[in-house]
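Engineer: The file below is start-v5.cif, mmCIF, C-alpha atoms:
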```cif
data_work
loop_
_atom_site.label_atom_id
_atom_site.label_comp_id
_atom_site.auth_asym_id
_atom_site.auth_seq_id
_atom_site.Cartn_x
_atom_site.Cartn_y
_atom_site.Cartn_z
CA MET A 1082 0.00 0.00 0.00
CA SER A 1083 1.15 3.53 -0.65
CA GLN A 1084 1.81 5.73 2.36
CA THR A 1085 1.35 9.47 2.67
CA TRP A 1086 4.63 11.35 2.98
CA ASP A 1087 4.75 13.77 5.90
CA GLY A 1088 8.46 14.54 6.03
CA ALA A 1089 8.06 18.32 6.04
CA GLU A 1090 5.86 20.74 7.94
CA PRO A 1091 3.50 22.69 5.63
CA PRO A 1092 3.97 26.46 5.84
CA ASP A 1093 1.35 28.75 7.30
CA TRP A 1094 -0.40 29.76 4.11
CA PRO A 1095 -1.68 33.37 4.17
CA PRO A 1096 -5.44 33.84 3.81
CA ILE A 1097 -6.78 34.42 0.32
CA GLY A 1098 -7.43 38.12 -0.31
CA VAL A 1099 -10.19 39.84 -2.25
CA MET A 1100 -8.31 39.74 -5.56
CA GLY A 1101 -7.51 36.09 -4.97
CA TRP A 1102 -11.17 35.21 -4.49
CA LEU A 1103 -12.01 37.14 -7.67
CA ARG A 1104 -9.51 35.01 -9.55
CA VAL A 1105 -11.07 31.87 -8.07
CA ALA A 1106 -14.53 33.06 -9.11
CA LEU A 1107 -13.28 33.59 -12.65
CA ARG A 1108 -11.08 30.52 -13.08
CA ALA A 1109 -13.07 27.83 -11.27
CA PRO A 1110 -16.23 27.95 -13.44
CA LEU A 1111 -14.10 27.93 -16.59
CA MET A 1112 -12.22 24.87 -15.36
CA VAL A 1113 -15.41 23.03 -14.44
CA ALA A 1114 -16.96 23.83 -17.81
CA VAL A 1115 -13.90 22.62 -19.73
CA ILE A 1116 -13.36 19.46 -17.67
CA PHE A 1117 -16.92 18.20 -17.48
CA GLY A 1118 -17.96 19.51 -20.90
CA CYS A 1119 -15.11 17.62 -22.51
CA LEU A 1120 -15.76 14.61 -20.27
CA GLY A 1121 -19.18 14.33 -21.88
CA LEU A 1122 -17.58 14.60 -25.32
CA LEU A 1123 -15.01 11.95 -24.37
CA LEU A 1124 -17.67 9.50 -23.21
CA LEU A 1125 -19.60 9.99 -26.45
CA ALA A 1126 -16.42 9.42 -28.46
CA ARG A 1127 -15.76 6.19 -26.54
CA LEU A 1128 -19.14 4.85 -27.65
CA ILE A 1129 -17.70 4.78 -31.17
CA GLU A 1130 -14.05 4.24 -30.32
CA ARG A 1131 -14.56 1.19 -28.10
CA PRO A 1132 -16.39 -1.12 -30.58
CA VAL A 1133 -14.21 -0.03 -33.50
CA PHE A 1134 -10.76 0.00 -31.87
CA GLY A 1135 -11.23 -2.02 -28.67
CA THR A 1136 -8.43 -1.37 -26.18
CA ARG A 1137 -6.74 1.11 -28.47
CA ARG A 1138 -7.77 4.76 -28.06
CA PRO A 1139 -6.76 6.81 -31.11
CA VAL A 1140 -9.16 9.72 -30.43
CA THR A 1141 -10.04 10.21 -26.77
CA PRO A 1142 -6.46 10.89 -25.54
CA LEU A 1143 -6.48 13.99 -27.76
CA ILE A 1144 -9.50 15.24 -25.81
CA THR A 1145 -7.70 14.56 -22.53
CA GLN A 1146 -4.63 16.44 -23.73
CA PHE A 1147 -6.76 19.41 -24.80
CA VAL A 1148 -8.45 19.53 -21.38
CA CYS A 1149 -5.16 19.44 -19.50
CA ARG A 1150 -3.54 22.14 -21.62
CA THR A 1151 -6.61 24.33 -21.28
CA VAL A 1152 -6.80 23.90 -17.50
CA LEU A 1153 -3.15 24.92 -17.15
CA LEU A 1154 -3.82 27.92 -19.39
CA ILE A 1155 -6.76 28.95 -17.20
CA MET A 1156 -4.54 28.67 -14.13
CA GLY A 1157 -1.82 30.67 -15.86
CA LEU A 1158 0.76 27.95 -15.12
CA PRO A 1159 3.29 27.56 -17.97
CA VAL A 1160 5.01 24.25 -18.74
CA GLU A 1161 8.55 24.14 -20.12
CA VAL A 1162 9.60 20.92 -21.87
CA ARG A 1163 13.16 19.64 -22.25
CA GLY A 1164 14.42 16.49 -23.89
CA GLN A 1165 12.81 14.13 -26.39
CA ARG A 1166 9.61 12.25 -25.68
CA MET A 1167 9.85 8.50 -26.17
CA LYS A 1168 8.71 6.88 -29.41
CA GLY A 1169 7.38 3.36 -29.55
CA ALA A 1170 5.93 1.10 -26.88
CA GLY A 1171 6.89 1.47 -23.26
CA ALA A 1172 6.19 3.03 -19.90
CA VAL A 1173 7.02 6.31 -18.19
CA VAL A 1174 8.03 7.03 -14.59
CA ALA A 1175 8.21 10.39 -12.85
CA ASN A 1176 8.60 11.93 -9.42
CA HIS A 1177 5.33 12.95 -7.78
CA THR A 1178 4.70 16.40 -6.32
CA SER A 1179 1.01 17.14 -6.57
CA TRP A 1180 -2.38 16.42 -8.11
CA LEU A 1181 -1.18 18.98 -10.66
CA ASP A 1182 1.15 16.31 -12.09
CA ILE A 1183 -1.85 14.69 -13.78
CA PHE A 1184 -2.59 17.82 -15.80
CA VAL A 1185 1.07 18.66 -16.45
CA LEU A 1186 2.12 15.22 -17.69
CA ASN A 1187 -1.08 14.61 -19.67
CA SER A 1188 -0.74 17.98 -21.38
CA ARG A 1189 2.40 17.00 -23.29
CA LYS A 1190 2.11 13.29 -24.00
CA THR A 1191 -0.49 10.58 -24.52
CA ILE A 1192 -0.20 8.51 -21.35
CA TYR A 1193 -2.35 6.43 -19.03
CA PHE A 1194 -1.76 6.73 -15.32
CA VAL A 1195 -1.30 3.82 -12.95
CA SER A 1196 -3.03 4.78 -9.71
CA LYS A 1197 -3.88 3.28 -6.35
CA ALA A 1198 -7.29 1.60 -6.37
CA GLU A 1199 -8.93 3.94 -3.85
CA VAL A 1200 -8.65 6.89 -6.26
CA SER A 1201 -11.41 5.30 -8.37
CA ASP A 1202 -13.86 6.03 -5.53
CA TRP A 1203 -12.93 9.69 -5.08
CA PRO A 1204 -15.80 12.02 -6.14
CA GLY A 1205 -15.05 13.84 -9.37
CA ILE A 1206 -11.42 12.76 -9.66
CA GLY A 1207 -12.37 9.08 -9.73
CA TRP A 1208 -14.85 9.61 -12.55
CA LEU A 1209 -12.27 11.50 -14.60
CA ALA A 1210 -9.60 8.89 -13.94
CA ARG A 1211 -11.82 6.02 -15.07
CA ALA A 1212 -12.98 7.89 -18.18
CA THR A 1213 -9.41 8.63 -19.28
CA GLY A 1214 -8.25 5.01 -19.02
CA THR A 1215 -6.37 5.05 -15.71
CA VAL A 1216 -5.13 1.65 -14.53
CA PHE A 1217 -6.13 1.04 -10.90
CA ILE A 1218 -4.06 -1.30 -8.77
CA ASN A 1219 -3.53 -2.38 -5.20
CA ARG A 1220 0.13 -2.15 -4.15
CA ASP A 1221 0.09 -5.67 -2.81
CA ARG A 1222 2.63 -8.38 -3.65
CA ARG A 1223 -0.16 -10.96 -3.55
CA GLU A 1224 -1.70 -9.34 -6.63
CA ALA A 1225 1.52 -9.22 -8.62
CA GLN A 1226 0.39 -11.82 -11.18
CA SER A 1227 -2.90 -10.11 -11.99
CA GLN A 1228 -1.14 -6.74 -12.21
CA THR A 1229 1.41 -8.19 -14.61
CA GLN A 1230 -1.38 -9.49 -16.85
CA LEU A 1231 -3.09 -6.11 -16.78
CA PHE A 1232 0.14 -4.28 -17.60
CA GLU A 1233 0.86 -6.71 -20.43
CA GLU A 1234 -2.54 -6.17 -22.00
CA ARG A 1235 -2.31 -2.39 -21.91
CA LEU A 1236 1.37 -2.06 -22.87
CA LEU A 1237 1.20 -4.56 -25.73
CA HIS A 1238 -1.76 -2.62 -27.13
CA GLY A 1239 0.49 0.44 -27.39
CA HIS A 1240 -0.59 2.25 -24.23
CA ARG A 1241 2.12 4.21 -22.48
CA LEU A 1242 1.55 3.66 -18.77
CA LEU A 1243 2.87 6.27 -16.35
CA PHE A 1244 3.39 5.57 -12.68
CA PHE A 1245 4.98 7.29 -9.71
CA PRO A 1246 7.47 4.88 -8.08
CA GLU A 1247 7.81 7.05 -4.96
CA GLY A 1248 4.32 5.86 -4.07
CA THR A 1249 3.24 9.24 -2.69
CA SER A 1250 3.33 12.95 -3.46
CA THR A 1251 5.75 15.31 -1.69
CA ASP A 1252 6.60 18.97 -1.19
CA GLY A 1253 8.30 18.95 -4.59
CA LEU A 1254 11.74 19.75 -3.16
CA ARG A 1255 13.09 16.20 -3.23
CA VAL A 1256 12.85 12.83 -4.94
CA LEU A 1257 12.05 9.94 -2.59
CA PRO A 1258 13.54 6.45 -3.07
CA PHE A 1259 11.69 4.48 -5.74
CA LYS A 1260 9.63 1.49 -4.66
CA THR A 1261 10.50 -1.48 -6.85
CA THR A 1262 7.45 -3.76 -6.61
CA LEU A 1263 5.68 -2.61 -9.78
CA PHE A 1264 8.83 -2.96 -11.87
CA ALA A 1265 8.60 -6.75 -11.51
CA ALA A 1266 5.80 -6.75 -14.10
CA PHE A 1267 8.26 -5.62 -16.77
CA TYR A 1268 10.27 -8.82 -16.32
CA SER A 1269 7.47 -11.06 -17.52
CA GLU A 1270 8.21 -13.22 -20.56
CA ARG A 1271 6.10 -11.05 -22.87
CA LEU A 1272 7.43 -7.66 -21.73
CA HIS A 1273 11.05 -8.23 -20.75
CA HIS A 1274 12.56 -7.84 -24.23
CA ALA A 1275 9.89 -5.55 -25.68
CA MET A 1276 9.74 -2.68 -23.21
CA GLN A 1277 11.55 0.55 -22.58
CA ILE A 1278 10.89 2.94 -19.70
CA GLN A 1279 11.40 6.69 -19.91
CA PRO A 1280 12.28 8.62 -16.73
CA VAL A 1281 10.83 12.13 -16.41
CA SER A 1282 11.80 14.81 -13.90
CA VAL A 1283 8.93 17.10 -12.91
CA VAL A 1284 10.07 20.30 -11.20
CA TYR A 1285 7.84 23.12 -9.96
CA HIS A 1286 9.26 26.61 -9.53
CA ALA A 1287 7.18 28.57 -7.01
CA PRO A 1288 5.68 31.98 -7.79
CA PRO A 1289 7.83 34.98 -6.82
CA GLY A 1290 7.77 35.48 -3.06
CA ALA A 1291 5.94 32.20 -2.34
CA PRO A 1292 7.40 29.25 -0.39
CA ALA A 1293 9.43 26.88 -2.55
CA CYS A 1294 6.90 24.12 -1.77
CA PHE A 1295 3.95 26.18 -3.06
CA TYR A 1296 2.78 23.52 -5.54
CA GLY A 1297 3.45 20.53 -3.27
CA TRP A 1298 0.64 18.38 -1.91
CA TRP A 1299 1.48 16.05 0.96
CA GLY A 1300 0.64 14.86 4.46
CA ASP A 1301 -2.92 15.71 5.44
CA MET A 1302 -3.23 18.70 3.09
CA GLU A 1303 -6.72 18.92 1.62
CA PHE A 1304 -7.24 18.89 -2.13
CA GLY A 1305 -9.78 21.71 -2.00
CA ALA A 1306 -7.49 24.06 -0.10
CA SER A 1307 -4.61 23.32 -2.46
CA LEU A 1308 -6.79 23.95 -5.51
CA LEU A 1309 -8.12 27.25 -4.14
CA ARG A 1310 -4.63 28.48 -3.27
CA ILE A 1311 -3.39 27.85 -6.81
CA LEU A 1312 -6.48 29.32 -8.47
CA ALA A 1313 -6.17 32.43 -6.30
CA GLN A 1314 -2.54 33.02 -7.21
CA GLY A 1315 -1.96 36.04 -9.43
CA ARG A 1316 1.43 35.52 -11.02
CA GLN A 1317 2.15 31.80 -11.17
CA GLY A 1318 5.49 30.05 -11.17
CA ARG A 1319 6.32 27.46 -13.81
CA VAL A 1320 6.82 23.74 -14.33
CA VAL A 1321 9.81 22.15 -16.03
CA LEU A 1322 9.41 18.68 -17.56
CA THR A 1323 12.67 16.96 -18.44
CA TYR A 1324 12.35 13.82 -20.56
CA HIS A 1325 15.45 11.66 -20.13
CA PRO A 1326 16.55 8.98 -22.63
CA PRO A 1327 14.46 5.81 -22.20
CA LEU A 1328 16.10 2.71 -20.74
CA ARG A 1329 15.60 -0.78 -22.16
CA VAL A 1330 14.34 -3.17 -19.51
CA ASP A 1331 16.46 -6.06 -20.78
CA ASP A 1332 19.63 -4.03 -20.19
CA TYR A 1333 19.07 -4.52 -16.44
CA PRO A 1334 19.07 -7.88 -14.63
CA ASN A 1335 16.16 -7.27 -12.27
CA ARG A 1336 13.52 -4.84 -11.02
CA LYS A 1337 15.78 -3.33 -8.39
CA SER A 1338 18.53 -2.45 -10.83
CA VAL A 1339 16.21 -0.83 -13.37
CA ALA A 1340 14.39 1.08 -10.61
CA ARG A 1341 17.72 2.36 -9.28
CA ALA A 1342 18.82 3.53 -12.75
CA LEU A 1343 15.52 5.33 -13.36
CA GLU A 1344 15.61 6.96 -9.93
CA THR A 1345 19.14 8.21 -10.60
CA GLN A 1346 18.02 9.90 -13.82
CA VAL A 1347 14.92 11.47 -12.28
CA ARG A 1348 16.85 12.75 -9.26
CA ALA A 1349 19.64 14.17 -11.44
CA GLY A 1350 17.13 16.13 -13.51
CA HIS A 1351 15.38 17.37 -10.39
CA GLU A 1352 18.60 18.47 -8.71
CA ALA A 1353 19.76 20.21 -11.89
CA GLU A 1354 16.74 22.51 -11.54
CA LEU A 1355 16.45 23.00 -7.77
CA GLY A 1356 19.79 21.86 -6.38
CA PRO A 1357 20.36 18.82 -4.12
CA LEU A 1358 18.25 18.30 -1.04
CA GLY A 1359 18.16 14.54 -0.78
CA PRO A 1360 15.46 12.06 0.17
CA GLU A 1361 14.04 11.88 3.69
#
```
Would you mind writing the file out in structure tokens?
Structural biologist:
Amino acid sequence: MSQTWDGAEPPDWPPIGVMGWLRVALRAPLMVAVIFGCLGLLLLARLIERPVFGTRRPVTPLITQFVCRTVLLIMGLPVEVRGQRMKGAGAVVANHTSWLDIFVLNSRKTIYFVSKAEVSDWPGIGWLARATGTVFINRDRREAQSQTQLFEERLLHGHRLLFFPEGTSTDGLRVLPFKTTLFAAFYSERLHHAMQIQPVSVVYHAPPGAPACFYGWWGDMEFGASLLRILAQGRQGRVVLTYHPPLRVDDYPNRKSVARALETQVRAGHEAELGPLGPE
């Protein structure tokens, strides 16, 4: 099971002022309209896409990408991309800072998230996750075989699965050690010699004058409060996505070695942007 990281004390966030609430009143309805309006369009598209293409989704990911780019535009949060995005079949791993990662990573690449099973029951977010093809799993060694079969089906149909090996979100100032359990699926007979995994460093630069952890989401922080704080922000910071060269799974003898190599790449990209802090 994933555990919530609480290795840093959240700052005392200042109350939202009048101008901040005006920004919320402007941005929030636009976001809701875009997300749920396009969700309806996506579900209609799946009615045609599913019987014609089955597991493959040639159309609906474009709707998801449009939604994520538009939401970031409404927020005023720019995304800077470095490196080359992977071509061909494979998976993606990244460090995990916030719920914002879903919009940021989806905005630049057709991917399908791997998420803990309980997210499927979250109001609003769960509906969106299911509609966009998220893979829900329990982080339990006893379910390793069924997870491997699920990964095989999705990956061999050309889906790029993205998961967060840290197993939790953080304050965004560090990269936690990668958990290796899920990497075992890539050493199945059908995937071992066919897969590559691309590491991605996701780094948030806080708005001017704000705490460096402004975009982080961890511990017992509430989603609603985090969302309101970001929507109320006047001048936003920025996000830097660094796509590192993908690694072939069969170049590494086991799940621990490939996880360690991927973690090294993600941490190096993170530290290049923010400087070293180190896992806690």
Engineer: Using all atoms listed in the file, list the residues that have an atom at most 12 Å from (-8.3, 2.3, -29.0), coordinates as in the file, as a PDB file with C-alpha atoms, in the frame of the given file.
Structural biologist:
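Here's the written file part_9.pdb:
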```
ATOM      1  CA  ALA A1126     -16.420   9.420 -28.460  1.00  0.00           C
ATOM      2  CA  ARG A1127     -15.760   6.190 -26.540  1.00  0.00           C
ATOM      3  CA  LEU A1128     -19.140   4.850 -27.650  1.00  0.00           C
ATOM      4  CA  ILE A1129     -17.700   4.780 -31.170  1.00  0.00           C
ATOM      5  CA  GLU A1130     -14.050   4.240 -30.320  1.00  0.00           C
ATOM      6  CA  ARG A1131     -14.560   1.190 -28.100  1.00  0.00           C
ATOM      7  CA  PRO A1132     -16.390  -1.120 -30.580  1.00  0.00           C
ATOM      8  CA  VAL A1133     -14.210  -0.030 -33.500  1.00  0.00           C
ATOM      9  CA  PHE A1134     -10.760   0.000 -31.870  1.00  0.00           C
ATOM     10  CA  GLY A1135     -11.230  -2.020 -28.670  1.00  0.00           C
ATOM     11  CA  THR A1136      -8.430  -1.370 -26.180  1.00  0.00           C
ATOM     12  CA  ARG A1137      -6.740   1.110 -28.470  1.00  0.00           C
ATOM     13  CA  ARG A1138      -7.770   4.760 -28.060  1.00  0.00           C
ATOM     14  CA  PRO A1139      -6.760   6.810 -31.110  1.00  0.00           C
ATOM     15  CA  VAL A1140      -9.160   9.720 -30.430  1.00  0.00           C
ATOM     16  CA  THR A1141     -10.040  10.210 -26.770  1.00  0.00           C
ATOM     17  CA  PRO A1142      -6.460  10.890 -25.540  1.00  0.00           C
ATOM     18  CA  LEU A1143      -6.480  13.990 -27.760  1.00  0.00           C
ATOM     19  CA  THR A1213      -9.410   8.630 -19.280  1.00  0.00           C
ATOM     20  CA  GLY A1214      -8.250   5.010 -19.020  1.00  0.00           C
ATOM     21  CA  ARG A1235      -2.310  -2.390 -21.910  1.00  0.00           C
ATOM     22  CA  HIS A1238      -1.760  -2.620 -27.130  1.00  0.00           C
ATOM     23  CA  GLY A1239       0.490   0.440 -27.390  1.00  0.00           C
ATOM     24  CA  HIS A1240      -0.590   2.250 -24.230  1.00  0.00           C
TER      25      HIS A1240
END
```
Engineer: Set the distance at 10 Å and use only C-alpha atoms: which residues neighbour segment 1093-1099 of chain A once local chain neighbours fewer than 5 positions away are removed? I'd like the list as an mmCIF file with C-alpha atoms, in the coordinates of the input.
Structural biologist:
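To be explicit, this is the file written out as around-v4.cif:
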```
data_model
loop_
_atom_site.group_PDB
_atom_site.id
_atom_site.type_symbol
_atom_site.label_atom_id
_atom_site.label_comp_id
_atom_site.auth_asym_id
_atom_site.auth_seq_id
_atom_site.Cartn_x
_atom_site.Cartn_y
_atom_site.Cartn_z
ATOM 1 C CA ARG A 1104 -9.510 35.010 -9.550
ATOM 2 C CA VAL A 1105 -11.070 31.870 -8.070
ATOM 3 C CA ALA A 1291 5.940 32.200 -2.340
ATOM 4 C CA PRO A 1292 7.400 29.250 -0.390
ATOM 5 C CA PHE A 1295 3.950 26.180 -3.060
ATOM 6 C CA LEU A 1309 -8.120 27.250 -4.140
ATOM 7 C CA ARG A 1310 -4.630 28.480 -3.270
ATOM 8 C CA ALA A 1313 -6.170 32.430 -6.300
ATOM 9 C CA GLN A 1314 -2.540 33.020 -7.210
#
```
Engineer: Pick out the closest residue to Leu1123 of chain A from this set: A:Val1200, A:Leu1209, A:Ala1175, A:Ser1188. Count all atoms listed in the file.
Structural biologist: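 Once distances to Leu1123 of chain A are computed over all atoms listed in the file, the minimum belongs to A:Leu1209.
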Engineer: To one decimal in Å, tell me the separation between atom CA of Ile1278 of chain A and atom CA of Glu1161 of chain A.
Structural biologist: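 So the answer is 21.3 Å.
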Engineer: Looking at all atoms listed in the file, which of A:Trp1208, A:Trp1298, A:Trp1086, A:Tyr1333 is the one that sits closest to Gly1253 of chain A?
Structural biologist: A:Trp1298
Engineer: Separation of atom CA of Pro1280 of chain A and atom CA of Val1148 of chain A, in Å?
Structural biologist: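 Those two atoms sit 23.9 Å apart.
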Engineer: Please identify all polymer residues within 12 Å of Asp1331 of chain A, counting only C-alpha atoms, omitting same-chain residues fewer than 4 positions from it, and present them as a ChimeraX atom specification.
Structural biologist: /A:1267-1278,1335-1336,1338-1339
Engineer: For those residues, write C-alpha atoms to a file as a CSV table (one decimal), in the frame of the given file.
Structural biologist:
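Printed below is again38.csv as written:
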```
chain,number,residue,atom,x,y,z
A,1267,PHE,CA,8.3,-5.6,-16.8
A,1268,TYR,CA,10.3,-8.8,-16.3
A,1269,SER,CA,7.5,-11.1,-17.5
A,1270,GLU,CA,8.2,-13.2,-20.6
A,1271,ARG,CA,6.1,-11.0,-22.9
A,1272,LEU,CA,7.4,-7.7,-21.7
A,1273,HIS,CA,11.0,-8.2,-20.8
A,1274,HIS,CA,12.6,-7.8,-24.2
A,1275,ALA,CA,9.9,-5.6,-25.7
A,1276,MET,CA,9.7,-2.7,-23.2
A,1277,GLN,CA,11.6,0.6,-22.6
A,1278,ILE,CA,10.9,2.9,-19.7
A,1335,ASN,CA,16.2,-7.3,-12.3
A,1336,ARG,CA,13.5,-4.8,-11.0
A,1338,SER,CA,18.5,-2.4,-10.8
A,1339,VAL,CA,16.2,-0.8,-13.4
```
Engineer: Of the residues A:Ser1282, A:Met1100, A:Arg1108, A:Thr1085, which is the one nearest to Met1302 of chain A, using only C-alpha atoms?
Structural biologist: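 Looking only at the distances to Met1302 of chain A, the closest residue turns out to be A:Thr1085.
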Engineer: Which of these residues is nearest to Met1167 of chain A, using all atoms listed in the file: A:Tyr1285, A:Phe1147, A:Tyr1324, A:Phe1304?
Structural biologist: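 Looking only at the distances to Met1167 of chain A, the closest residue turns out to be A:Tyr1324.
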Engineer: If we count only C-alpha atoms and set the cut-off at 9 Å, which residues sit around segment 1225-1232 of chain A, ignoring sequence neighbours fewer than 3 positions away in its own chain? Please answer as number ranges by chain.
Structural biologist: A: 1216, 1218-1222, 1235-1237, 1242, 1262-1263, 1265-1267, 1269
Engineer: Pick out the closest residue to Leu1122 of chain A from this set: A:Ile1144, A:Ile1155, A:Ala1198, A:Val1321. Count only C-alpha atoms.
Structural biologist: A:Ile1144
Engineer: In Å to one decimal, how far is atom CA of Pro1327 of chain A from atom CA of Leu1355 of chain A?
Structural biologist: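 One can read the atom CA of Leu1355 of chain A to atom CA of Pro1327 of chain A distance as 22.5 Å.
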Engineer: Write out as a list in words each polymer residue whose atoms come within 9 Å of Gly1164 of chain A, counting all atoms listed in the file; drop sequence neighbours fewer than 6 positions from it.
Structural biologist: Leu1322, Thr1323, Tyr1324, His1325 and Pro1326 of chain A
Engineer: With C-alpha atoms retained, export the selected residues as an mmCIF file, in the frame of the given file.
Structural biologist:
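What landed in out_28.cif:
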```
data_model
loop_
_atom_site.group_PDB
_atom_site.id
_atom_site.type_symbol
_atom_site.label_atom_id
_atom_site.label_comp_id
_atom_site.auth_asym_id
_atom_site.auth_seq_id
_atom_site.Cartn_x
_atom_site.Cartn_y
_atom_site.Cartn_z
ATOM 1 C CA LEU A 1322 9.410 18.680 -17.560
ATOM 2 C CA THR A 1323 12.670 16.960 -18.440
ATOM 3 C CA TYR A 1324 12.350 13.820 -20.560
ATOM 4 C CA HIS A 1325 15.450 11.660 -20.130
ATOM 5 C CA PRO A 1326 16.550 8.980 -22.630
#
```
Engineer: Assuming the chain letters and numbering stay as they are in my file, what does the PyMOL selection byres ((chain A and resi 1180) around 10) actually select? List them as an mmCIF file with C-alpha atoms, keeping the file's coordinate frame.
Structural biologist:
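Output file result_32.cif is given in full below:
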```
data_model
loop_
_atom_site.group_PDB
_atom_site.id
_atom_site.type_symbol
_atom_site.label_atom_id
_atom_site.label_comp_id
_atom_site.auth_asym_id
_atom_site.auth_seq_id
_atom_site.Cartn_x
_atom_site.Cartn_y
_atom_site.Cartn_z
ATOM 1 C CA HIS A 1177 5.330 12.950 -7.780
ATOM 2 C CA THR A 1178 4.700 16.400 -6.320
ATOM 3 C CA SER A 1179 1.010 17.140 -6.570
ATOM 4 C CA LEU A 1181 -1.180 18.980 -10.660
ATOM 5 C CA ASP A 1182 1.150 16.310 -12.090
ATOM 6 C CA ILE A 1183 -1.850 14.690 -13.780
ATOM 7 C CA PHE A 1184 -2.590 17.820 -15.800
ATOM 8 C CA VAL A 1185 1.070 18.660 -16.450
ATOM 9 C CA ILE A 1206 -11.420 12.760 -9.660
ATOM 10 C CA SER A 1250 3.330 12.950 -3.460
ATOM 11 C CA TYR A 1296 2.780 23.520 -5.540
ATOM 12 C CA GLY A 1297 3.450 20.530 -3.270
ATOM 13 C CA TRP A 1298 0.640 18.380 -1.910
ATOM 14 C CA TRP A 1299 1.480 16.050 0.960
ATOM 15 C CA PHE A 1304 -7.240 18.890 -2.130
ATOM 16 C CA SER A 1307 -4.610 23.320 -2.460
ATOM 17 C CA LEU A 1308 -6.790 23.950 -5.510
#
```
Engineer: Just checking: using all atoms listed in the file, which residue out of A:Ala1306, A:Leu1254, A:Pro1288, A:Phe1259 ends up closest to Glu1352 of chain A?
Structural biologist: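 Looking at the shortest contact to Glu1352 of chain A, the residue is A:Leu1254.
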